[in-house]
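Participant: First, the structure itself, so that you have it in front of you.
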Amino acid sequence: MNNDKNELNTEYTVEALEARFEMEAVVDDGGAETDGSCECKVTW
Amino acid sequence: MPIQLHQNIEISEFILTTASSPEEKNNKFLIQCEHLNFVVSAPVKSLIESLLTYQNSSQSLVESYFIKTRYKATEEDIIALARQHIPEELFADMELPPQRNPFIFSMTLLPEYILKYLSVLLTPLFNKWLSAALALVFICVHFSLFANISHAATLGISMSTIPMFLLAMLMSYFIHELGHITACKRFNCPHGSIGFGIYIVFPVFYADVSKAWRLSQKQRAVVDLGGIYFQLILLIVVDCYAFFYESQFAYVLSWTITLTMLHTLNPFFKFDGYWLLSDLSGITNLHDKMRTALNRIKHKVFKGTPLNFKNDKTLYLLVPYSLMAMLFFTYIATFLGSKLWQTGQEIAAVIFSLPNSSLLSNIDLMLEQGTLLSLLKALMWAALFTLLLSFYLKRIKNLLVNNNVKASNK
């Protein structure tokens, strides 16, 4: 058993997966400005 | 009973269609327990199955382990193996940890029990032919109107329509998240809620699709693109309205939605582009592995240590991705640094233009000249740029200094 166990040990892998949160950031293109300027920016 | 696992553990195959070898393709399994997800090798899966069979039947642990693995082992050995290799969160004597999320702050807007009724109604939209037809219509409509849309964006909208515009954008974000949820439902996969949160420094809307790990790579990619697909349908409506009613408001809305769609494809943050790249390539935990890759590149450059990646796919995808991410974060940090410098100069110019040495004694004068507001505005921007710059510098440092030895061995 010991030999078997050692052999098997090398194959024992575990990877915790990250939580899946599909996100979309709130982006503003400055379209509300009325002075004719167009500034593309991300609102933080 | 000497050892016990949580009862609600679900085991399924973790199919990697992009696996480079048959061993990699057929030897991975997904273990799900509530919100927790693990990819394990066949021996770990057999161990878990043996324990679950032992818990739920009259079989002894030795028997159930032998049936699953064809290895004879004593109960003590099996328990020792289980304690060593099965994630401790899966043991019944451990309380399940709360779900880890990437947000500084988050709040649920629409819970799962409401969304499940809504998503059922929308699943026909994921019909293969219908989605292809809608994508084609979108390409024709949006690109033919793109000159009008980009021109309208330079003109903006009137102040009075701003509340309506914000409401329309909120709806667009919601529709995007609904797209992810509906895609999950389309593949009969349970989904979570839709919410709002702060991710790093970004206000974001999110959909919890953590159970989607049980889907195939292709299906997960559909879930990733579900948000953009729903916004694309929304854009067909908005574009048509803008065209037929010559609506400046609708054109600007179309421009802004297009921008958010492009922004979400950024693969360096955990937006849709990140998940899409991860799912299409089959490289899980992309950000963690990026740190490992950068660490190995650093050792290769400075010490000549071989890169030693598990396979060529990881090498050819992860290395360019990691280097590009590094360049991206460096570019943003440089941009913020230059903005901070510029703002600092503006603040200095205002202060040095004042006649008296004490700032307080100049307040009246500044109020008269209207410079106080500009100064406060500049100070606010400076504080924001400093905050963001420190964040990006910290991120770059974290990428370069990898303390995660365990991860680097994977």
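Ordering of the structure tokens sets the chain letters (A, B, ...); residue numbers start at 1 within each chain; ligands are numbered from 1 in the order shown.
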List the spatial neighbours of A:Val14 as a VMD selection string - criterion: any atom at most 8 Å away, only C-alpha atoms, same-chain residues fewer than 5 positions off excluded.

Facilitator: chain B and resid 38 to 41 44 85 to 87

Participant: Find the residues in chain B near chain A: any atom within 8 Å counts, using only C-alpha atoms. Write them as a PDB file with C-alpha atoms, in the first residue's frame.

Facilitator:
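Output file out21.pdb follows:
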```pdb
ATOM      1  CA  HIS B  35     -20.609  28.103  -4.006  1.00  0.00           C
ATOM      2  CA  LEU B  36     -17.256  26.287  -3.896  1.00  0.00           C
ATOM      3  CA  ASN B  37     -15.663  24.870  -7.043  1.00  0.00           C
ATOM      4  CA  PHE B  38     -12.575  22.658  -7.308  1.00  0.00           C
ATOM      5  CA  VAL B  39     -10.900  20.951 -10.234  1.00  0.00           C
ATOM      6  CA  VAL B  40      -9.380  17.700  -9.030  1.00  0.00           C
ATOM      7  CA  SER B  41      -7.497  14.785 -10.526  1.00  0.00           C
ATOM      8  CA  ALA B  42      -9.023  11.295 -10.807  1.00  0.00           C
ATOM      9  CA  PRO B  43      -7.479   9.949  -7.556  1.00  0.00           C
ATOM     10  CA  VAL B  44      -8.964  12.831  -5.527  1.00  0.00           C
ATOM     11  CA  TYR B  71      -6.313  -0.327  -4.359  1.00  0.00           C
ATOM     12  CA  LYS B  72      -6.335  -2.124  -1.040  1.00  0.00           C
ATOM     13  CA  ALA B  73      -5.758   0.238   1.844  1.00  0.00           C
ATOM     14  CA  HIS B  85      -5.690  15.758  -0.402  1.00  0.00           C
ATOM     15  CA  ILE B  86      -9.364  16.667  -0.103  1.00  0.00           C
ATOM     16  CA  PRO B  87      -9.944  20.412   0.371  1.00  0.00           C
ATOM     17  CA  GLN B  99     -18.476  33.055  -0.866  1.00  0.00           C
ATOM     18  CA  ARG B 100     -15.357  34.969  -1.836  1.00  0.00           C
ATOM     19  CA  ASN B 101     -16.041  37.750  -4.285  1.00  0.00           C
ATOM     20  CA  ALA B 153     -21.444  61.664 -29.654  1.00  0.00           C
ATOM     21  CA  THR B 154     -19.462  64.841 -30.405  1.00  0.00           C
ATOM     22  CA  LEU B 155     -22.610  66.943 -29.970  1.00  0.00           C
ATOM     23  CA  GLY B 156     -23.850  65.408 -26.695  1.00  0.00           C
ATOM     24  CA  ILE B 157     -27.331  65.612 -25.217  1.00  0.00           C
ATOM     25  CA  SER B 158     -29.191  68.373 -23.435  1.00  0.00           C
ATOM     26  CA  MET B 159     -28.958  68.701 -19.662  1.00  0.00           C
ATOM     27  CA  ILE B 162     -29.569  63.437 -18.440  1.00  0.00           C
ATOM     28  CA  TYR B 173     -26.348  47.316 -17.708  1.00  0.00           C
ATOM     29  CA  HIS B 176     -26.251  42.893 -20.093  1.00  0.00           C
ATOM     30  CA  GLU B 177     -26.267  40.971 -16.812  1.00  0.00           C
ATOM     31  CA  HIS B 180     -25.285  36.116 -18.714  1.00  0.00           C
ATOM     32  CA  VAL B 201     -12.032  51.193  -8.401  1.00  0.00           C
ATOM     33  CA  PHE B 202     -14.817  50.543 -10.898  1.00  0.00           C
ATOM     34  CA  PRO B 203     -18.525  50.744 -10.088  1.00  0.00           C
ATOM     35  CA  VAL B 204     -19.831  47.560 -11.718  1.00  0.00           C
ATOM     36  CA  PHE B 205     -22.984  45.584 -12.290  1.00  0.00           C
ATOM     37  CA  TYR B 206     -22.456  41.870 -11.959  1.00  0.00           C
ATOM     38  CA  ALA B 207     -24.125  38.496 -12.502  1.00  0.00           C
ATOM     39  CA  ASP B 208     -23.137  35.584 -10.290  1.00  0.00           C
ATOM     40  CA  VAL B 209     -22.657  32.596 -12.610  1.00  0.00           C
ATOM     41  CA  SER B 210     -20.258  30.595 -10.426  1.00  0.00           C
ATOM     42  CA  LYS B 211     -22.112  27.355 -11.148  1.00  0.00           C
ATOM     43  CA  ALA B 212     -21.221  27.782 -14.820  1.00  0.00           C
ATOM     44  CA  ASP B 224     -19.426  35.103 -21.202  1.00  0.00           C
ATOM     45  CA  VAL B 252     -25.622  59.143 -28.037  1.00  0.00           C
ATOM     46  CA  THR B 256     -22.260  54.900 -24.954  1.00  0.00           C
ATOM     47  CA  LEU B 259     -18.316  51.892 -25.547  1.00  0.00           C
ATOM     48  CA  THR B 260     -19.377  49.825 -22.533  1.00  0.00           C
ATOM     49  CA  HIS B 263     -14.753  48.169 -22.385  1.00  0.00           C
ATOM     50  CA  THR B 264     -16.071  44.896 -21.014  1.00  0.00           C
ATOM     51  CA  LYS B 270     -12.147  40.412 -14.493  1.00  0.00           C
ATOM     52  CA  PHE B 271     -14.627  41.687 -17.048  1.00  0.00           C
ATOM     53  CA  ASP B 272     -16.201  39.527 -19.770  1.00  0.00           C
ATOM     54  CA  TRP B 275     -13.580  35.025 -18.636  1.00  0.00           C
ATOM     55  CA  THR B 284      -8.353  28.544 -15.194  1.00  0.00           C
ATOM     56  CA  ASN B 285      -7.494  31.154 -12.537  1.00  0.00           C
TER      57      ASN B 285
END
```

Participant: Between atom CA of B:Ile15 and atom CA of B:Leu318, what is the distance in Å, rounded to a tenth?

Facilitator: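 Computed distance, atom CA of B:Ile15 to atom CA of B:Leu318, equals 20.0 Å.
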
Participant: Any idea what's packed within 10 Å of B:Tyr113, counting only C-alpha atoms, ignoring anything in its chain fewer than 3 positions away? Could you give it as a list in words?

Facilitator: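 Skipping anything fewer than 3 positions along the chain leaves Leu110, Lys116, Tyr117, Leu118, His191, Gly192 and Ser193 of chain B.
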
Participant: Would you mind exporting the chosen residues as a PDB file, in the first residue's frame, restricted to N, CA, C and O atoms?

Facilitator:
```pdb
ATOM      1  N   LEU B 110     -31.186  41.971  -7.843  1.00  0.00           N
ATOM      2  CA  LEU B 110     -32.262  41.032  -8.182  1.00  0.00           C
ATOM      3  C   LEU B 110     -31.831  39.631  -7.771  1.00  0.00           C
ATOM      4  O   LEU B 110     -30.866  39.086  -8.307  1.00  0.00           O
ATOM      5  N   LYS B 116     -34.994  33.616 -12.067  1.00  0.00           N
ATOM      6  CA  LYS B 116     -35.215  32.330 -12.745  1.00  0.00           C
ATOM      7  C   LYS B 116     -36.487  32.348 -13.600  1.00  0.00           C
ATOM      8  O   LYS B 116     -36.549  31.679 -14.621  1.00  0.00           O
ATOM      9  N   TYR B 117     -37.488  33.140 -13.197  1.00  0.00           N
ATOM     10  CA  TYR B 117     -38.713  33.236 -14.010  1.00  0.00           C
ATOM     11  C   TYR B 117     -38.447  34.074 -15.261  1.00  0.00           C
ATOM     12  O   TYR B 117     -38.909  33.771 -16.350  1.00  0.00           O
ATOM     13  N   LEU B 118     -37.677  35.129 -15.074  1.00  0.00           N
ATOM     14  CA  LEU B 118     -37.375  36.050 -16.183  1.00  0.00           C
ATOM     15  C   LEU B 118     -36.492  35.359 -17.219  1.00  0.00           C
ATOM     16  O   LEU B 118     -36.725  35.468 -18.428  1.00  0.00           O
ATOM     17  N   HIS B 191     -28.084  29.548 -11.632  1.00  0.00           N
ATOM     18  CA  HIS B 191     -27.386  30.838 -11.624  1.00  0.00           C
ATOM     19  C   HIS B 191     -27.662  31.562 -10.322  1.00  0.00           C
ATOM     20  O   HIS B 191     -28.554  31.176  -9.562  1.00  0.00           O
ATOM     21  N   GLY B 192     -26.904  32.618 -10.098  1.00  0.00           N
ATOM     22  CA  GLY B 192     -27.070  33.402  -8.877  1.00  0.00           C
ATOM     23  C   GLY B 192     -27.845  34.679  -9.158  1.00  0.00           C
ATOM     24  O   GLY B 192     -28.710  34.723 -10.042  1.00  0.00           O
ATOM     25  N   SER B 193     -27.479  35.727  -8.452  1.00  0.00           N
ATOM     26  CA  SER B 193     -28.223  36.980  -8.526  1.00  0.00           C
ATOM     27  C   SER B 193     -27.532  38.000  -9.425  1.00  0.00           C
ATOM     28  O   SER B 193     -26.407  37.802  -9.879  1.00  0.00           O
TER      29      SER B 193
END
```

Participant: Tell me, in Å to one decimal, how far atom CA of B:Thr182 is from atom CA of B:Thr123.

Facilitator: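 One can read the atom CA of B:Thr182 to atom CA of B:Thr123 distance as 5.8 Å.
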
Participant: Please list as a ChimeraX atom specification every residue within 9 Å of B:Phe14, counting only C-alpha atoms and excluding residues in the same chain fewer than 5 positions away.

Facilitator: /B:25-31,39-40,213-216

Participant: Per DSSP on the backbone, what are the helix (DSSP H, G or I) residues of stretch 4-73 of chain B, as a tab-separated table (two decimals) with C-alpha atoms, in the first residue's frame?

Facilitator:
```tsv
chain	number	residue	atom	x	y	z
B	22	PRO	CA	-5.59	12.95	-23.76
B	23	GLU	CA	-4.42	12.65	-20.13
B	24	GLU	CA	-5.20	16.29	-19.48
B	25	LYS	CA	-8.50	15.96	-21.35
B	26	ASN	CA	-9.96	13.01	-19.46
B	42	ALA	CA	-9.02	11.30	-10.81
B	43	PRO	CA	-7.48	9.95	-7.56
B	44	VAL	CA	-8.96	12.83	-5.53
B	45	LYS	CA	-12.33	12.30	-7.18
B	46	SER	CA	-12.17	8.56	-6.34
B	47	LEU	CA	-11.34	9.39	-2.74
B	48	ILE	CA	-14.33	11.75	-2.49
B	49	GLU	CA	-16.63	9.22	-4.15
B	50	SER	CA	-15.43	6.46	-1.79
B	51	LEU	CA	-16.16	8.62	1.23
B	52	LEU	CA	-19.59	9.62	-0.05
B	53	THR	CA	-20.50	5.99	-0.82
B	54	TYR	CA	-19.29	4.98	2.64
B	55	GLN	CA	-21.43	7.72	4.22
B	56	ASN	CA	-24.57	6.82	2.29
B	61	LEU	CA	-14.66	2.64	3.79
B	62	VAL	CA	-12.10	-0.01	2.80
B	63	GLU	CA	-14.62	-1.68	0.51
B	64	SER	CA	-15.86	1.48	-1.14
B	65	TYR	CA	-12.27	2.68	-1.70
B	66	PHE	CA	-11.32	-0.66	-3.26
B	67	ILE	CA	-14.35	-0.60	-5.59
B	68	LYS	CA	-13.50	2.89	-6.79
B	69	THR	CA	-9.74	2.58	-7.09
```
